[in-house]
Amino acid sequence: MGNFNVRKIEDSERAQFISHLLKDIRAVELMIERGLIERGITRIGAEQEFCLVKPDFSPSTLALDILKDINDPHFTTELARYNLEVNLDPIELKADCFQQVKHQLTSMLEKARKAAGAYDNKVVLAGILPTIRKQELTLEYLTPMDRYHLLNEITVNLRGGDFSIHMQGVDELTVLHDSILFEGCNTSFQMHLQVDPEDMVSSYNWSQAIAGPLLSVCANSPLLLGRELWSETRIALYQQSVDTRKASYSLTDQSPRVTFGSKWVRDSIVNIFKDDIAYHRTILTTDNLTDSLQELHDGRIPHLKALQINNGTIYRWNRPCIGVANDVAHLRIENRYIPSGPSVEDEIANFVFWVGLMLGRPEQFDQIETQMDFEDAKGNFYKAARHGKESQLRWTGNTLSAMDLVRKVLLPIAYDGLKKLKIDNADIERYLQIIELRSNRNTGASWTIKSFRNLKKELKRDDALKALTDEMYANQLTLKPVHEWSHVMHAPAHYPDYINKKVHEIMTTKIFTVHPNDLASLVKSIMDWRNIHHVPVVDSEENLTGIITSKNIITYENIGFPELTEVKDIMVNEVLTANPKMLVDEAADLMLAKKIGCLPVVENGKLIGIITRNDIVTRLK
């Protein structure tokens with residue numbers, strides 16, 4: 001879809017677009033029947049998404065400036081202004097192909113680092129950048145290009161209201177959001193494998209079967225907005241951030257645009273494209289659509305614009321693709337669920353493992369429906385996303401730990417597949433050993449969780465996230481795979497540093513609040529039990545209406561207040577507040593000048609946090 005100048009489809013042109021879409025579907029069927037799809041050669045390719053950060057490791061806004069300076073057609077924009085993507089060249093699968101991928105990837109990342117360095121920015125590989133905060137998910141961080149604003153507009157309109165993000169892990173995250181920018185949190189290492197037409201159905205089904213166990217050992221994105229959620233939080237986040245389904249009182253099975261699928265593919269891979277047309281409303285079009293059936297009749301290979309655009313708006317974790325290069329059509333499978341990072345070596349290992357598995361498929365899995373239920377494959381995928389290498393997965397009717405399945409079943413399959421392909425033996429040994437050692441030691445997810453928990457013992461959450469990302473970046477520069485990374489045990493000496501720090505970076509967001517009609521004596525009791533000295537008062541819409549402090553509780557106790565006194569009778573009505581972008585220095589000076597112990601943090605009238613003298617005691621000393 002990125003190759004076309006797309007725009008929102010109007011109702012008046014929908015019928016014409018669908019007509020082209022149906023012709024494209026029929027054209028693909030005829031191309032397969034007539035042997036017009038390339039076969040007998042296997043190519044691989046990859047797309048590397050990465051994050052750009054400021055010197056303090058918070059998200060940058062300079063992607064377009066850096067992209068301009070890179071000046072290389074391999075690079076392109078992403079949804080958020082702190083992400084870019086590099087598209088690697090497709091290469092033939094043969095002896096040294098993975099070294100070729102690694103060489104191009106490292107040289108491209110070095111080019112990006114050099115351009116970013118001119119702006120004092122850094123390049124970080126992370127499935128979800130730990131330092132992204134809700135402040136970086138507003139529309140000002142959306143890449144200022146018509147395509148992205150159009151996508152946001154269409155998605156919001158289809159949804160019919162705000163997006164609801166809800167995830168439960170060790171922590172819980174529940175938030176409403178008014179744009180698709182949560183999608184911009186996700187960065188991936190997308191892998192492509194060309195497949196012969198006659199093997200496409202079996203290969204695609206096999207890619208679905210191995211997705212769960214592969215993800216379990218590749219997960220590295222357990223944090224979002226400082227919450228510890230799924231081992232690979234991207235899976236839930238991506239689906240929820242672009243979910244266009246509307247809530248309904250009817251019990252209907254609406255198909256999400258981000259999907260694992262609902263069944264094994266039968267007969268032809270074209271059936272996936274047909275299902276996508278049947279279950280999803282077309283949302284984009286382009287100019288100069290051509291009649292693909294007429295082109296076939298005239299002896300030309302059609303570019304199938306309508307089909308490629310529509311396929312680009314359905315986000316399957318394993319996505320079947322048809323492409324045309326140099327007037328030759330090919331089929332490929334795009335693996336979209338593997339996260340970016342933690343290191344280039346880890347990404348190449350993931351690629352080697354996946355390709356080895358795909359092309360080492362045992363014969364009994366050619367008809368996979370005879371070996372396992374689709375529901376087991378789908379269940380494995382979501383269990384792996386939640387629990388990573390701690391998952392218990394179903395395989396051919398048996399339950400195994402994810403790591404036993406990887407080590408005892410899948411690694412031998414991958415090894416045999418790579419040997420059959422005559423991949424360099426040194427690469428086979430090197431990269432499959434990384435997968436095996438990762439299963440026994442750190443995955444990206446387990447390293448991140450352990451390190452973050454250690455840092456939180458000494459630092460406020462935002463500082464812990466910055467220190468974590470700092471350490472992640474330093475490890476990436478060593479080129480070591482994540483199983484060799486040591487856990488971060490203590491906070492670096494330069495954290496915390498409040499110079500130019502903003503209130504939202506140190507404020508407390510886990511706040512005990514009360515309502516104006518709550519019983520004052522209950523509030524006093526809870527303040528005593530929890531050793532709380534400041535309690536914001538909010539109304540039913542979460543608007544700040546006052547504050548209760550230990551000082552005014554004592555004042556009213558000395559006077560004596562009736563047993564049924566309510567909060568509204570004793571609260572302070574005139575409350576000084578901070579906005580989230582206020583400098584910590586300014587907040588500290590305000591508290592000192594007014595001789596107060598806290599500042600509620602308010603955005604658009606809503607209470608979003610609180611900052612106290614204890615939060616900035618280091619600065620005050």
# chains A, B, ... in the order shown; residues from 1 in each chain; ligands from 1
$ residues_around --residues "Phe273 in chain A" --least-positions-apart "5" --cutoff "9 Å" --atoms "only C-alpha atoms" --output "list in words"
Ile25, Ala278, Leu307, Asn310, Asn311 and Pro320 of chain A
$ write_last_selection --atoms "all heavy atoms" --output "PDB file, in the first residue's frame"
ATOM      1  N   ILE A  25      -8.903 -10.194  -7.797  1.00  0.00           N
ATOM      2  CA  ILE A  25      -9.011 -11.529  -7.198  1.00  0.00           C
ATOM      3  C   ILE A  25      -9.051 -12.596  -8.295  1.00  0.00           C
ATOM      4  O   ILE A  25      -8.335 -13.601  -8.251  1.00  0.00           O
ATOM      5  CB  ILE A  25     -10.265 -11.630  -6.310  1.00  0.00           C
ATOM      6  CG1 ILE A  25     -10.101 -10.776  -5.040  1.00  0.00           C
ATOM      7  CG2 ILE A  25     -10.587 -13.074  -5.959  1.00  0.00           C
ATOM      8  CD1 ILE A  25      -9.120 -11.337  -4.046  1.00  0.00           C
ATOM      9  N   ALA A 278     -15.002  -9.857   2.194  1.00  0.00           N
ATOM     10  CA  ALA A 278     -16.341 -10.168   2.714  1.00  0.00           C
ATOM     11  C   ALA A 278     -16.579  -9.563   4.084  1.00  0.00           C
ATOM     12  O   ALA A 278     -17.695  -9.121   4.385  1.00  0.00           O
ATOM     13  CB  ALA A 278     -16.531 -11.683   2.758  1.00  0.00           C
ATOM     14  N   LEU A 307      -6.205  -4.756  -5.011  1.00  0.00           N
ATOM     15  CA  LEU A 307      -5.981  -5.846  -4.064  1.00  0.00           C
ATOM     16  C   LEU A 307      -4.871  -5.492  -3.079  1.00  0.00           C
ATOM     17  O   LEU A 307      -4.995  -5.747  -1.867  1.00  0.00           O
ATOM     18  CB  LEU A 307      -5.635  -7.134  -4.815  1.00  0.00           C
ATOM     19  CG  LEU A 307      -5.320  -8.358  -3.943  1.00  0.00           C
ATOM     20  CD1 LEU A 307      -6.484  -8.690  -3.036  1.00  0.00           C
ATOM     21  CD2 LEU A 307      -4.947  -9.545  -4.803  1.00  0.00           C
ATOM     22  N   ASN A 310      -6.173  -2.915  -0.545  1.00  0.00           N
ATOM     23  CA  ASN A 310      -7.091  -3.508   0.431  1.00  0.00           C
ATOM     24  C   ASN A 310      -6.353  -4.434   1.393  1.00  0.00           C
ATOM     25  O   ASN A 310      -6.600  -4.420   2.608  1.00  0.00           O
ATOM     26  CB  ASN A 310      -8.194  -4.286  -0.293  1.00  0.00           C
ATOM     27  CG  ASN A 310      -9.390  -4.547   0.593  1.00  0.00           C
ATOM     28  OD1 ASN A 310     -10.066  -3.613   1.019  1.00  0.00           O
ATOM     29  ND2 ASN A 310      -9.655  -5.806   0.909  1.00  0.00           N
ATOM     30  N   ASN A 311      -5.424  -5.220   0.864  1.00  0.00           N
ATOM     31  CA  ASN A 311      -4.648  -6.123   1.717  1.00  0.00           C
ATOM     32  C   ASN A 311      -3.819  -5.345   2.735  1.00  0.00           C
ATOM     33  O   ASN A 311      -3.586  -5.813   3.851  1.00  0.00           O
ATOM     34  CB  ASN A 311      -3.732  -6.988   0.850  1.00  0.00           C
ATOM     35  CG  ASN A 311      -3.178  -8.188   1.587  1.00  0.00           C
ATOM     36  OD1 ASN A 311      -3.871  -8.815   2.383  1.00  0.00           O
ATOM     37  ND2 ASN A 311      -1.923  -8.525   1.329  1.00  0.00           N
ATOM     38  N   PRO A 320      -0.426 -12.935   3.990  1.00  0.00           N
ATOM     39  CA  PRO A 320      -0.067 -13.356   2.638  1.00  0.00           C
ATOM     40  C   PRO A 320      -0.003 -12.131   1.731  1.00  0.00           C
ATOM     41  O   PRO A 320      -0.852 -11.247   1.815  1.00  0.00           O
ATOM     42  CB  PRO A 320      -1.216 -14.282   2.246  1.00  0.00           C
ATOM     43  CG  PRO A 320      -2.389 -13.783   3.031  1.00  0.00           C
ATOM     44  CD  PRO A 320      -1.837 -13.233   4.315  1.00  0.00           C
TER      45      PRO A 320
END
$ closest_residue --among "A:Val265, A:Ala474, A:Val503, A:Leu296" --to "Arg34 in chain A" --atoms "only C-alpha atoms"
A:Leu296
$ select_by_dssp --residues "range 353-575 of chain A" --states "alpha helix (DSSP H)" --output "number ranges by chain"
A: 353-359, 374-387, 402-404, 411-420, 425-440, 444-456, 461-477, 503-506, 520-530, 550-559, 567-570
$ closest_residue --among "A:Leu173, A:Val523, A:Val406, A:Leu67" --to "Tyr119 in chain A" --atoms "only C-alpha atoms"
A:Leu67
$ closest_residue --among "A:Leu214, A:Thr399, A:Asp327, A:Asn454" --to "Met358 in chain A" --atoms "only C-alpha atoms"
A:Leu214
$ closest_residue --among "A:Ile165, A:Val170, A:Ala445, A:Ile37" --to "Glu198 in chain A" --atoms "only C-alpha atoms"
A:Ile37
$ closest_residue --among "A:Asp69, A:Asp518, A:Glu557, A:Glu390" --to "Asp539 in chain A" --atoms "only C-alpha atoms"
A:Asp518
$ decode --residues "range 288-386 of chain A" --atoms "C-alpha atoms" --output "mmCIF file, in the first residue's frame"
data_model
loop_
_atom_site.group_PDB
_atom_site.id
_atom_site.type_symbol
_atom_site.label_atom_id
_atom_site.label_comp_id
_atom_site.auth_asym_id
_atom_site.auth_seq_id
_atom_site.Cartn_x
_atom_site.Cartn_y
_atom_site.Cartn_z
ATOM 1 C CA ASN A 288 -5.627 5.334 -12.162
ATOM 2 C CA LEU A 289 -6.856 1.866 -11.270
ATOM 3 C CA THR A 290 -6.497 -0.526 -14.182
ATOM 4 C CA ASP A 291 -8.486 -3.523 -15.420
ATOM 5 C CA SER A 292 -6.303 -6.455 -14.352
ATOM 6 C CA LEU A 293 -8.292 -8.994 -16.390
ATOM 7 C CA GLN A 294 -7.821 -6.915 -19.538
ATOM 8 C CA GLU A 295 -4.106 -6.627 -18.807
ATOM 9 C CA LEU A 296 -3.877 -10.401 -18.493
ATOM 10 C CA HIS A 297 -5.765 -10.796 -21.758
ATOM 11 C CA ASP A 298 -3.278 -8.448 -23.407
ATOM 12 C CA GLY A 299 -0.356 -10.542 -22.153
ATOM 13 C CA ARG A 300 0.769 -8.207 -19.379
ATOM 14 C CA ILE A 301 1.232 -8.961 -15.656
ATOM 15 C CA PRO A 302 -1.176 -6.703 -13.736
ATOM 16 C CA HIS A 303 0.024 -4.775 -10.695
ATOM 17 C CA LEU A 304 -3.229 -5.511 -8.785
ATOM 18 C CA LYS A 305 -3.443 -2.059 -7.210
ATOM 19 C CA ALA A 306 -6.890 -2.523 -5.667
ATOM 20 C CA LEU A 307 -5.981 -5.846 -4.064
ATOM 21 C CA GLN A 308 -2.685 -4.581 -2.675
ATOM 22 C CA ILE A 309 -4.327 -1.487 -1.202
ATOM 23 C CA ASN A 310 -7.091 -3.508 0.431
ATOM 24 C CA ASN A 311 -4.648 -6.123 1.717
ATOM 25 C CA GLY A 312 -2.618 -3.302 3.266
ATOM 26 C CA THR A 313 -5.577 -2.274 5.444
ATOM 27 C CA ILE A 314 -5.997 -5.748 7.012
ATOM 28 C CA TYR A 315 -3.257 -6.449 9.520
ATOM 29 C CA ARG A 316 -2.826 -10.211 9.825
ATOM 30 C CA TRP A 317 0.075 -11.259 12.060
ATOM 31 C CA ASN A 318 1.048 -13.618 9.252
ATOM 32 C CA ARG A 319 0.028 -11.773 6.107
ATOM 33 C CA PRO A 320 -0.067 -13.356 2.638
ATOM 34 C CA CYS A 321 1.185 -10.921 0.005
ATOM 35 C CA ILE A 322 1.324 -10.838 -3.752
ATOM 36 C CA GLY A 323 3.867 -8.537 -5.312
ATOM 37 C CA VAL A 324 5.024 -7.598 -8.772
ATOM 38 C CA ALA A 325 8.638 -6.651 -9.491
ATOM 39 C CA ASN A 326 10.072 -6.183 -12.963
ATOM 40 C CA ASP A 327 6.788 -7.498 -14.414
ATOM 41 C CA VAL A 328 7.159 -10.784 -12.514
ATOM 42 C CA ALA A 329 4.554 -11.694 -9.892
ATOM 43 C CA HIS A 330 5.427 -13.592 -6.716
ATOM 44 C CA LEU A 331 3.744 -14.778 -3.506
ATOM 45 C CA ARG A 332 5.253 -14.338 -0.070
ATOM 46 C CA ILE A 333 4.409 -14.582 3.619
ATOM 47 C CA GLU A 334 5.062 -11.542 5.791
ATOM 48 C CA ASN A 335 5.767 -12.241 9.471
ATOM 49 C CA ARG A 336 4.535 -9.153 11.353
ATOM 50 C CA TYR A 337 4.599 -10.209 15.007
ATOM 51 C CA ILE A 338 8.327 -10.219 15.812
ATOM 52 C CA PRO A 339 9.397 -7.071 17.729
ATOM 53 C CA SER A 340 12.276 -4.789 16.876
ATOM 54 C CA GLY A 341 15.459 -5.579 18.828
ATOM 55 C CA PRO A 342 16.768 -6.143 21.416
ATOM 56 C CA SER A 343 19.875 -6.331 19.192
ATOM 57 C CA VAL A 344 20.710 -6.880 15.547
ATOM 58 C CA GLU A 345 22.143 -10.296 16.445
ATOM 59 C CA ASP A 346 18.836 -11.261 18.067
ATOM 60 C CA GLU A 347 16.896 -10.133 14.997
ATOM 61 C CA ILE A 348 19.062 -12.166 12.643
ATOM 62 C CA ALA A 349 18.709 -15.176 14.958
ATOM 63 C CA ASN A 350 14.925 -14.775 14.869
ATOM 64 C CA PHE A 351 15.058 -14.590 11.072
ATOM 65 C CA VAL A 352 17.258 -17.674 10.756
ATOM 66 C CA PHE A 353 15.035 -19.645 13.152
ATOM 67 C CA TRP A 354 11.833 -18.660 11.320
ATOM 68 C CA VAL A 355 13.163 -19.417 7.832
ATOM 69 C CA GLY A 356 14.622 -22.714 9.014
ATOM 70 C CA LEU A 357 11.282 -23.685 10.533
ATOM 71 C CA MET A 358 9.308 -22.585 7.486
ATOM 72 C CA LEU A 359 11.421 -24.535 4.996
ATOM 73 C CA GLY A 360 12.123 -27.487 7.270
ATOM 74 C CA ARG A 361 8.418 -28.253 7.677
ATOM 75 C CA PRO A 362 7.950 -32.004 8.313
ATOM 76 C CA GLU A 363 5.856 -33.792 5.721
ATOM 77 C CA GLN A 364 3.057 -34.643 8.171
ATOM 78 C CA PHE A 365 2.321 -30.922 8.520
ATOM 79 C CA ASP A 366 1.560 -30.489 4.813
ATOM 80 C CA GLN A 367 -2.078 -31.147 5.772
ATOM 81 C CA ILE A 368 -1.904 -29.467 9.131
ATOM 82 C CA GLU A 369 -5.585 -29.909 9.937
ATOM 83 C CA THR A 370 -4.812 -33.620 10.498
ATOM 84 C CA GLN A 371 -2.205 -32.769 13.144
ATOM 85 C CA MET A 372 -3.636 -29.991 15.316
ATOM 86 C CA ASP A 373 -6.690 -27.825 15.829
ATOM 87 C CA PHE A 374 -6.551 -24.255 14.592
ATOM 88 C CA GLU A 375 -7.806 -23.146 18.007
ATOM 89 C CA ASP A 376 -4.622 -24.575 19.561
ATOM 90 C CA ALA A 377 -2.425 -22.578 17.166
ATOM 91 C CA LYS A 378 -4.358 -19.397 17.890
ATOM 92 C CA GLY A 379 -4.429 -20.056 21.623
ATOM 93 C CA ASN A 380 -0.668 -20.651 21.609
ATOM 94 C CA PHE A 381 -0.097 -17.288 19.939
ATOM 95 C CA TYR A 382 -1.951 -15.318 22.594
ATOM 96 C CA LYS A 383 -0.551 -17.370 25.471
ATOM 97 C CA ALA A 384 2.956 -16.695 24.173
ATOM 98 C CA ALA A 385 2.190 -12.977 23.866
ATOM 99 C CA ARG A 386 0.989 -12.909 27.476
#
